[in-house]
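Below is one structure, written out as C-alpha coordinates; the observations come after it.
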Amino acid sequence: MKNLLLILFLFCINCVNGQTKWKTFDSEYGIKIELPEYFSKGILVAGGTLQWFNNTIDDDIQLSIESFGNGTIKDLEETYKSDLKEEKNVTYKVKKNTWYVISGKNDDGIFYNKSIIKNGIQFHLRIIYQEKNKQLVENLIGRISSSFK
(Lines give C-alpha, C1' and ligand atoms only; values in the text may rest on other atoms or scores of the structure.)
Protein backbone atom coordinates (compact mmCIF):
# COMPACT_ATOMS: atom_id res chain seq x y z
CA MET A 1 0.00 0.00 0.00
CA LYS A 2 2.85 2.41 0.85
CA ASN A 3 4.46 1.77 -2.53
CA LEU A 4 1.20 2.50 -4.32
CA LEU A 5 0.79 5.80 -2.43
CA LEU A 6 4.38 6.77 -3.21
CA ILE A 7 3.89 6.02 -6.89
CA LEU A 8 0.68 8.07 -6.98
CA PHE A 9 2.39 10.95 -5.18
CA LEU A 10 5.32 10.96 -7.62
CA PHE A 11 2.92 10.73 -10.56
CA CYS A 12 0.99 13.78 -9.31
CA ILE A 13 4.19 15.78 -8.85
CA ASN A 14 5.34 14.90 -12.37
CA CYS A 15 1.95 15.82 -13.81
CA VAL A 16 1.92 19.20 -12.10
CA ASN A 17 5.52 19.98 -13.09
CA GLY A 18 5.00 18.78 -16.64
CA GLN A 19 1.96 21.03 -17.07
CA THR A 20 3.52 24.15 -15.62
CA LYS A 21 3.38 26.98 -18.11
CA TRP A 22 6.32 29.35 -18.12
CA LYS A 23 6.70 32.96 -19.17
CA THR A 24 9.74 35.13 -19.81
CA PHE A 25 10.33 38.39 -17.99
CA ASP A 26 12.70 41.00 -19.45
CA SER A 27 14.28 43.91 -17.65
CA GLU A 28 15.44 47.24 -19.00
CA TYR A 29 19.01 46.09 -18.30
CA GLY A 30 18.80 43.18 -20.74
CA ILE A 31 18.28 40.46 -18.13
CA LYS A 32 15.83 37.66 -18.91
CA ILE A 33 14.34 35.08 -16.61
CA GLU A 34 11.73 32.35 -17.09
CA LEU A 35 9.27 31.79 -14.26
CA PRO A 36 6.15 29.67 -13.88
CA GLU A 37 3.01 31.51 -14.96
CA TYR A 38 1.87 31.99 -11.36
CA PHE A 39 4.68 34.56 -10.89
CA SER A 40 4.20 38.21 -11.79
CA LYS A 41 6.33 41.32 -11.50
CA GLY A 42 5.88 42.87 -8.11
CA ILE A 43 7.24 45.98 -6.54
CA LEU A 44 10.32 47.67 -8.00
CA VAL A 45 12.38 49.37 -5.28
CA ALA A 46 15.81 50.81 -4.53
CA GLY A 47 15.73 53.25 -7.42
CA GLY A 48 14.78 50.50 -9.85
CA THR A 49 17.64 48.17 -8.92
CA LEU A 50 15.56 45.58 -6.98
CA GLN A 51 12.67 43.78 -8.71
CA TRP A 52 10.45 41.55 -6.57
CA PHE A 53 8.27 38.86 -8.13
CA ASN A 54 4.93 37.86 -6.60
CA ASN A 55 3.42 34.41 -6.83
CA THR A 56 -0.02 32.95 -6.21
CA ILE A 57 1.28 29.70 -4.72
CA ASP A 58 2.69 30.79 -1.36
CA ASP A 59 3.89 34.07 0.14
CA ASP A 60 6.71 32.11 1.80
CA ILE A 61 8.39 31.78 -1.61
CA GLN A 62 10.30 35.01 -2.24
CA LEU A 63 12.07 35.73 -5.51
CA SER A 64 13.92 38.88 -6.51
CA ILE A 65 16.51 40.16 -8.96
CA GLU A 66 18.84 42.92 -7.86
CA SER A 67 21.53 44.81 -9.71
CA PHE A 68 24.53 46.14 -7.82
CA GLY A 69 28.28 46.02 -8.04
CA ASN A 70 30.60 46.53 -10.94
CA GLY A 71 30.44 43.97 -13.69
CA THR A 72 34.06 42.88 -13.62
CA ILE A 73 35.41 39.45 -12.84
CA LYS A 74 37.36 40.91 -9.91
CA ASP A 75 34.26 42.53 -8.42
CA LEU A 76 32.23 39.34 -8.89
CA GLU A 77 34.95 37.42 -7.03
CA GLU A 78 34.77 39.93 -4.17
CA THR A 79 30.98 39.65 -4.01
CA TYR A 80 31.28 35.84 -3.98
CA LYS A 81 33.72 35.94 -1.05
CA SER A 82 31.51 38.43 0.78
CA ASP A 83 28.40 36.25 0.30
CA LEU A 84 30.26 33.18 1.56
CA LYS A 85 31.41 35.10 4.61
CA GLU A 86 27.93 36.48 5.31
CA GLU A 87 26.07 33.16 4.90
CA LYS A 88 27.19 30.72 7.59
CA ASN A 89 25.31 27.59 6.47
CA VAL A 90 26.22 27.23 2.79
CA THR A 91 25.56 23.68 1.60
CA TYR A 92 26.27 24.21 -2.09
CA LYS A 93 28.58 26.56 -3.95
CA VAL A 94 30.02 26.79 -7.45
CA LYS A 95 32.07 29.61 -8.96
CA LYS A 96 32.77 30.12 -12.64
CA ASN A 97 34.38 33.02 -14.46
CA THR A 98 31.26 35.18 -14.93
CA TRP A 99 28.80 33.69 -12.42
CA TYR A 100 28.43 31.87 -9.12
CA VAL A 101 25.77 30.09 -7.08
CA ILE A 102 25.54 29.55 -3.35
CA SER A 103 22.69 27.94 -1.43
CA GLY A 104 21.96 26.71 2.04
CA LYS A 105 19.90 27.70 5.07
CA ASN A 106 19.74 30.90 7.09
CA ASP A 107 17.32 32.57 9.49
CA ASP A 108 14.93 33.36 6.61
CA GLY A 109 14.73 29.74 5.37
CA ILE A 110 16.38 27.93 2.50
CA PHE A 111 18.17 30.30 0.14
CA TYR A 112 19.42 30.08 -3.42
CA ASN A 113 21.57 32.93 -4.76
CA LYS A 114 22.93 33.17 -8.29
CA SER A 115 25.01 36.15 -9.39
CA ILE A 116 26.05 36.91 -12.96
CA ILE A 117 27.85 39.61 -14.93
CA LYS A 118 26.04 41.14 -17.88
CA ASN A 119 26.51 44.45 -19.67
CA GLY A 120 29.07 45.63 -17.13
CA ILE A 121 26.75 45.08 -14.14
CA GLN A 122 26.32 42.35 -11.53
CA PHE A 123 22.84 40.85 -11.28
CA HIS A 124 21.73 38.75 -8.34
CA LEU A 125 18.87 36.25 -8.35
CA ARG A 126 17.68 35.54 -4.81
CA ILE A 127 15.16 32.85 -3.92
CA ILE A 128 14.12 32.20 -0.32
CA TYR A 129 11.63 29.53 0.65
CA GLN A 130 10.56 27.41 3.59
CA GLU A 131 11.08 23.68 4.10
CA LYS A 132 7.39 23.04 3.32
CA ASN A 133 8.01 24.35 -0.23
CA LYS A 134 11.33 22.59 -0.77
CA GLN A 135 10.09 19.99 -3.28
CA LEU A 136 8.13 22.53 -5.31
CA VAL A 137 10.91 25.11 -5.51
CA GLU A 138 13.72 22.65 -6.09
CA ASN A 139 11.80 21.24 -9.07
CA LEU A 140 11.79 24.76 -10.56
CA ILE A 141 15.24 26.10 -9.66
CA GLY A 142 17.11 24.40 -12.51
CA ARG A 143 15.03 26.04 -15.21
CA ILE A 144 14.79 29.39 -13.41
CA SER A 145 18.54 29.50 -12.84
CA SER A 146 19.51 28.47 -16.36
CA SER A 147 17.17 31.09 -17.84
CA PHE A 148 18.64 33.87 -15.69
CA LYS A 149 20.91 35.57 -18.21
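Chain identifiers are assigned as A, B, and so on, following the order in which chains appear in the C-alpha coordinates; residues are numbered from 1 within each chain, and ligands are numbered from 1 in order of appearance.
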Within 9 Å of stretch 80-87 of chain A, counting only C-alpha atoms, which residues show up once you throw out same-chain ones fewer than 4 positions away? Write them as JSON, numbers by chain, please. {"A": [75, 76, 93, 95, 100, 101, 102, 103, 104, 105, 106, 115]}
Contacts of stretch 59-62 of chain A within 6 Å, only C-alpha atoms, excl. fewer than 2 positions in-chain, as a list in words: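 Skipping anything fewer than 2 positions along the chain leaves Ile127, Ile128 and Tyr129 of chain A.
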Just the strand (DSSP E) stuff from stretch 32-136 of chain A, please, per backbone DSSP, written as a PyMOL selection string. chain A and resi 32-36+39-45+50-55+62-70+90-95+99-106+109-118+121-129
Do you know which residues are at most 9 Å from A:Leu140 counting only C-alpha atoms, after dropping those on the same chain fewer than 4 positions away, and could you put them as an MDAnalysis selection string? chainID A and resid 17 35:36 135:136 144:145
Just how far from atom CA of A:Ile57 is atom CA of A:Leu44, in Å to one decimal? 20.4 Å
One decimal, Å: what's the distance from atom CA of A:Gly30 over to atom CA of A:Ile121, could you say?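 Separation between atom CA of A:Gly30 and atom CA of A:Ile121: 10.5 Å.
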List the neighbours of A:Trp99 out to 10 Å using only C-alpha atoms; skip same-chain residues closer than 2 positions along the sequence, and give me the result as a PyMOL selection string. chain A and resi 73+76-77+80+94-97+101+114-118+122-124+149
Can I get the selection written as a tab-separated table (two decimals), in the first residue's frame, with N, CA, C and O atoms?
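So part-v2.tsv came out as:
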```tsv
chain	number	residue	atom	x	y	z
A	73	ILE	N	35.13	40.74	-13.45
A	73	ILE	CA	35.41	39.45	-12.84
A	73	ILE	C	35.96	39.64	-11.43
A	73	ILE	O	35.59	38.90	-10.51
A	76	LEU	N	33.06	40.52	-9.12
A	76	LEU	CA	32.23	39.34	-8.89
A	76	LEU	C	32.90	38.42	-7.87
A	76	LEU	O	32.24	37.88	-6.98
A	77	GLU	N	34.19	38.25	-7.98
A	77	GLU	CA	34.95	37.42	-7.03
A	77	GLU	C	34.82	37.99	-5.62
A	77	GLU	O	34.63	37.24	-4.65
A	80	TYR	N	31.35	37.26	-4.32
A	80	TYR	CA	31.28	35.84	-3.98
A	80	TYR	C	31.88	35.60	-2.59
A	80	TYR	O	31.26	34.96	-1.74
A	94	VAL	N	29.26	26.99	-6.22
A	94	VAL	CA	30.02	26.79	-7.45
A	94	VAL	C	30.36	28.17	-7.99
A	94	VAL	O	29.54	29.08	-7.98
A	95	LYS	N	31.58	28.32	-8.45
A	95	LYS	CA	32.07	29.61	-8.96
A	95	LYS	C	32.68	29.37	-10.33
A	95	LYS	O	33.55	28.53	-10.49
A	96	LYS	N	32.20	30.11	-11.29
A	96	LYS	CA	32.77	30.12	-12.64
A	96	LYS	C	33.26	31.53	-12.94
A	96	LYS	O	33.14	32.42	-12.11
A	97	ASN	N	33.77	31.74	-14.13
A	97	ASN	CA	34.38	33.02	-14.46
A	97	ASN	C	33.42	34.20	-14.36
A	97	ASN	O	33.77	35.24	-13.81
A	101	VAL	N	26.98	30.48	-7.81
A	101	VAL	CA	25.77	30.09	-7.08
A	101	VAL	C	26.18	29.66	-5.69
A	101	VAL	O	27.17	28.95	-5.52
A	114	LYS	N	22.10	33.26	-7.09
A	114	LYS	CA	22.93	33.17	-8.29
A	114	LYS	C	23.27	34.59	-8.72
A	114	LYS	O	22.39	35.44	-8.83
A	115	SER	N	24.55	34.84	-8.95
A	115	SER	CA	25.01	36.15	-9.39
A	115	SER	C	25.73	36.00	-10.72
A	115	SER	O	26.49	35.05	-10.91
A	116	ILE	N	25.46	36.94	-11.62
A	116	ILE	CA	26.05	36.91	-12.96
A	116	ILE	C	26.56	38.30	-13.32
A	116	ILE	O	26.17	39.30	-12.71
A	117	ILE	N	27.41	38.34	-14.33
A	117	ILE	CA	27.85	39.61	-14.93
A	117	ILE	C	27.20	39.72	-16.30
A	117	ILE	O	27.26	38.77	-17.10
A	118	LYS	N	26.60	40.88	-16.55
A	118	LYS	CA	26.04	41.14	-17.88
A	118	LYS	C	26.05	42.64	-18.11
A	118	LYS	O	25.66	43.41	-17.24
A	122	GLN	N	26.62	43.60	-12.20
A	122	GLN	CA	26.32	42.35	-11.53
A	122	GLN	C	24.82	42.27	-11.28
A	122	GLN	O	24.21	43.25	-10.85
A	123	PHE	N	24.25	41.11	-11.56
A	123	PHE	CA	22.84	40.85	-11.28
A	123	PHE	C	22.76	39.66	-10.34
A	123	PHE	O	23.51	38.69	-10.49
A	124	HIS	N	21.82	39.75	-9.40
A	124	HIS	CA	21.73	38.75	-8.34
A	124	HIS	C	20.30	38.22	-8.24
A	124	HIS	O	19.38	38.97	-7.92
A	149	LYS	N	19.76	35.11	-17.43
A	149	LYS	CA	20.91	35.57	-18.21
A	149	LYS	C	20.61	36.86	-18.90
A	149	LYS	O	19.54	37.33	-18.97
```
What lies within 10 Å of A:Ser64 using only C-alpha atoms, ignoring chain neighbours under 2 positions off, as a PyMOL selection string? chain A and resi 41-44+50-54+62+66+113+124-128
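Atom CA of A:Val90 lies 21.2 Å from atom CA of A:Arg143.
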Per-residue DSSP, chain A, filtered to alpha helix (DSSP H), as a VMD selection string: chain A and resid 2 to 18 73 to 86 134 to 147
Please produce an output containing N, CA and C atoms for each residue in the selection, written as a short mmCIF file (atom, residue, chain, number, x, y, z; two decimals), in the first residue's frame.
```cif
data_model
loop_
_atom_site.label_atom_id
_atom_site.label_comp_id
_atom_site.auth_asym_id
_atom_site.auth_seq_id
_atom_site.Cartn_x
_atom_site.Cartn_y
_atom_site.Cartn_z
N LYS A 2 1.96 1.25 0.81
CA LYS A 2 2.85 2.41 0.85
C LYS A 2 3.47 2.68 -0.50
N ASN A 3 3.86 1.60 -1.20
CA ASN A 3 4.46 1.77 -2.53
C ASN A 3 3.47 2.38 -3.51
N LEU A 4 2.22 1.97 -3.43
CA LEU A 4 1.20 2.50 -4.32
C LEU A 4 0.99 3.99 -4.05
N LEU A 5 0.94 4.38 -2.78
CA LEU A 5 0.79 5.80 -2.43
C LEU A 5 1.98 6.61 -2.91
N LEU A 6 3.18 6.07 -2.74
CA LEU A 6 4.38 6.77 -3.21
C LEU A 6 4.35 6.95 -4.72
N ILE A 7 3.97 5.93 -5.44
CA ILE A 7 3.89 6.02 -6.89
C ILE A 7 2.86 7.06 -7.32
N LEU A 8 1.70 7.07 -6.67
CA LEU A 8 0.68 8.07 -6.98
C LEU A 8 1.16 9.48 -6.68
N PHE A 9 1.85 9.64 -5.55
CA PHE A 9 2.39 10.95 -5.18
C PHE A 9 3.39 11.44 -6.22
N LEU A 10 4.33 10.58 -6.61
CA LEU A 10 5.32 10.96 -7.62
C LEU A 10 4.67 11.26 -8.96
N PHE A 11 3.65 10.49 -9.31
CA PHE A 11 2.92 10.73 -10.56
C PHE A 11 2.27 12.11 -10.54
N CYS A 12 1.65 12.46 -9.42
CA CYS A 12 0.99 13.78 -9.31
C CYS A 12 2.01 14.91 -9.41
N ILE A 13 3.15 14.75 -8.77
CA ILE A 13 4.19 15.78 -8.85
C ILE A 13 4.66 15.94 -10.29
N ASN A 14 4.90 14.83 -10.97
CA ASN A 14 5.34 14.90 -12.37
C ASN A 14 4.28 15.53 -13.26
N CYS A 15 3.01 15.23 -13.02
CA CYS A 15 1.95 15.82 -13.81
C CYS A 15 1.90 17.32 -13.62
N VAL A 16 1.97 17.76 -12.38
CA VAL A 16 1.92 19.20 -12.10
C VAL A 16 3.12 19.89 -12.72
N ASN A 17 4.33 19.35 -12.54
CA ASN A 17 5.52 19.98 -13.09
C ASN A 17 5.52 19.96 -14.61
N GLY A 18 5.02 18.89 -15.20
CA GLY A 18 5.00 18.78 -16.64
C GLY A 18 4.00 19.75 -17.28
N ILE A 73 35.13 40.74 -13.45
CA ILE A 73 35.41 39.45 -12.84
C ILE A 73 35.96 39.64 -11.43
N LYS A 74 36.80 40.63 -11.24
CA LYS A 74 37.36 40.91 -9.91
C LYS A 74 36.27 41.28 -8.91
N ASP A 75 35.34 42.13 -9.32
CA ASP A 75 34.26 42.53 -8.42
C ASP A 75 33.32 41.37 -8.12
N LEU A 76 33.06 40.52 -9.12
CA LEU A 76 32.23 39.34 -8.89
C LEU A 76 32.90 38.42 -7.87
N GLU A 77 34.19 38.25 -7.98
CA GLU A 77 34.95 37.42 -7.03
C GLU A 77 34.82 37.99 -5.62
N GLU A 78 34.91 39.30 -5.48
CA GLU A 78 34.77 39.93 -4.17
C GLU A 78 33.36 39.74 -3.60
N THR A 79 32.35 39.86 -4.45
CA THR A 79 30.98 39.65 -4.01
C THR A 79 30.78 38.20 -3.57
N TYR A 80 31.35 37.26 -4.32
CA TYR A 80 31.28 35.84 -3.98
C TYR A 80 31.88 35.60 -2.59
N LYS A 81 33.07 36.12 -2.35
CA LYS A 81 33.72 35.94 -1.05
C LYS A 81 32.91 36.58 0.06
N SER A 82 32.34 37.74 -0.21
CA SER A 82 31.51 38.43 0.78
C SER A 82 30.25 37.62 1.11
N ASP A 83 29.60 37.08 0.07
CA ASP A 83 28.40 36.25 0.30
C ASP A 83 28.73 35.01 1.11
N LEU A 84 29.86 34.37 0.81
CA LEU A 84 30.26 33.18 1.56
C LEU A 84 30.54 33.52 3.02
N LYS A 85 31.11 34.68 3.24
CA LYS A 85 31.41 35.10 4.61
C LYS A 85 30.13 35.44 5.37
N GLU A 86 29.18 36.06 4.69
CA GLU A 86 27.93 36.48 5.31
C GLU A 86 27.02 35.29 5.62
N LYS A 134 10.05 23.05 -0.23
CA LYS A 134 11.33 22.59 -0.77
C LYS A 134 11.15 21.79 -2.07
N GLN A 135 10.27 20.82 -2.08
CA GLN A 135 10.09 19.99 -3.28
C GLN A 135 9.62 20.82 -4.47
N LEU A 136 8.65 21.68 -4.24
CA LEU A 136 8.13 22.53 -5.31
C LEU A 136 9.23 23.41 -5.90
N VAL A 137 9.91 24.15 -5.04
CA VAL A 137 10.91 25.11 -5.51
C VAL A 137 12.10 24.41 -6.14
N GLU A 138 12.55 23.34 -5.54
CA GLU A 138 13.72 22.65 -6.09
C GLU A 138 13.43 21.99 -7.43
N ASN A 139 12.16 21.72 -7.73
CA ASN A 139 11.80 21.24 -9.07
C ASN A 139 11.84 22.35 -10.11
N LEU A 140 11.82 23.61 -9.65
CA LEU A 140 11.79 24.76 -10.56
C LEU A 140 13.14 25.44 -10.71
N ILE A 141 13.99 25.33 -9.71
CA ILE A 141 15.24 26.10 -9.66
C ILE A 141 16.13 25.88 -10.88
N GLY A 142 16.24 24.67 -11.35
CA GLY A 142 17.11 24.40 -12.51
C GLY A 142 16.74 25.26 -13.71
N ARG A 143 15.46 25.26 -14.03
CA ARG A 143 15.03 26.04 -15.21
C ARG A 143 15.12 27.55 -14.94
N ILE A 144 14.71 27.96 -13.74
CA ILE A 144 14.79 29.39 -13.41
C ILE A 144 16.23 29.86 -13.50
N SER A 145 17.14 29.11 -12.87
CA SER A 145 18.54 29.50 -12.84
C SER A 145 19.17 29.53 -14.22
N SER A 146 18.89 28.51 -15.02
CA SER A 146 19.51 28.47 -16.36
C SER A 146 18.95 29.54 -17.28
N SER A 147 17.75 30.02 -17.00
CA SER A 147 17.17 31.09 -17.84
C SER A 147 17.64 32.48 -17.42
#
```
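Considering only C-alpha atoms, the residue among A:Tyr38, A:Asn119, A:Gly71, A:Asp108 positioned nearest to A:Glu131 is A:Asp108.
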Nearest residue to A:Phe111 out of A:Thr24, A:Ser40, A:Thr98, A:Asn133, using only C-alpha atoms?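 Comparing A:Thr24, A:Ser40, A:Thr98, A:Asn133 against A:Phe111, the winner is A:Asn133.
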For A:Gln130, the nearest of the candidates A:Lys88, A:Asp58, A:Gly69, A:Ser27, counting only C-alpha atoms: A:Asp58
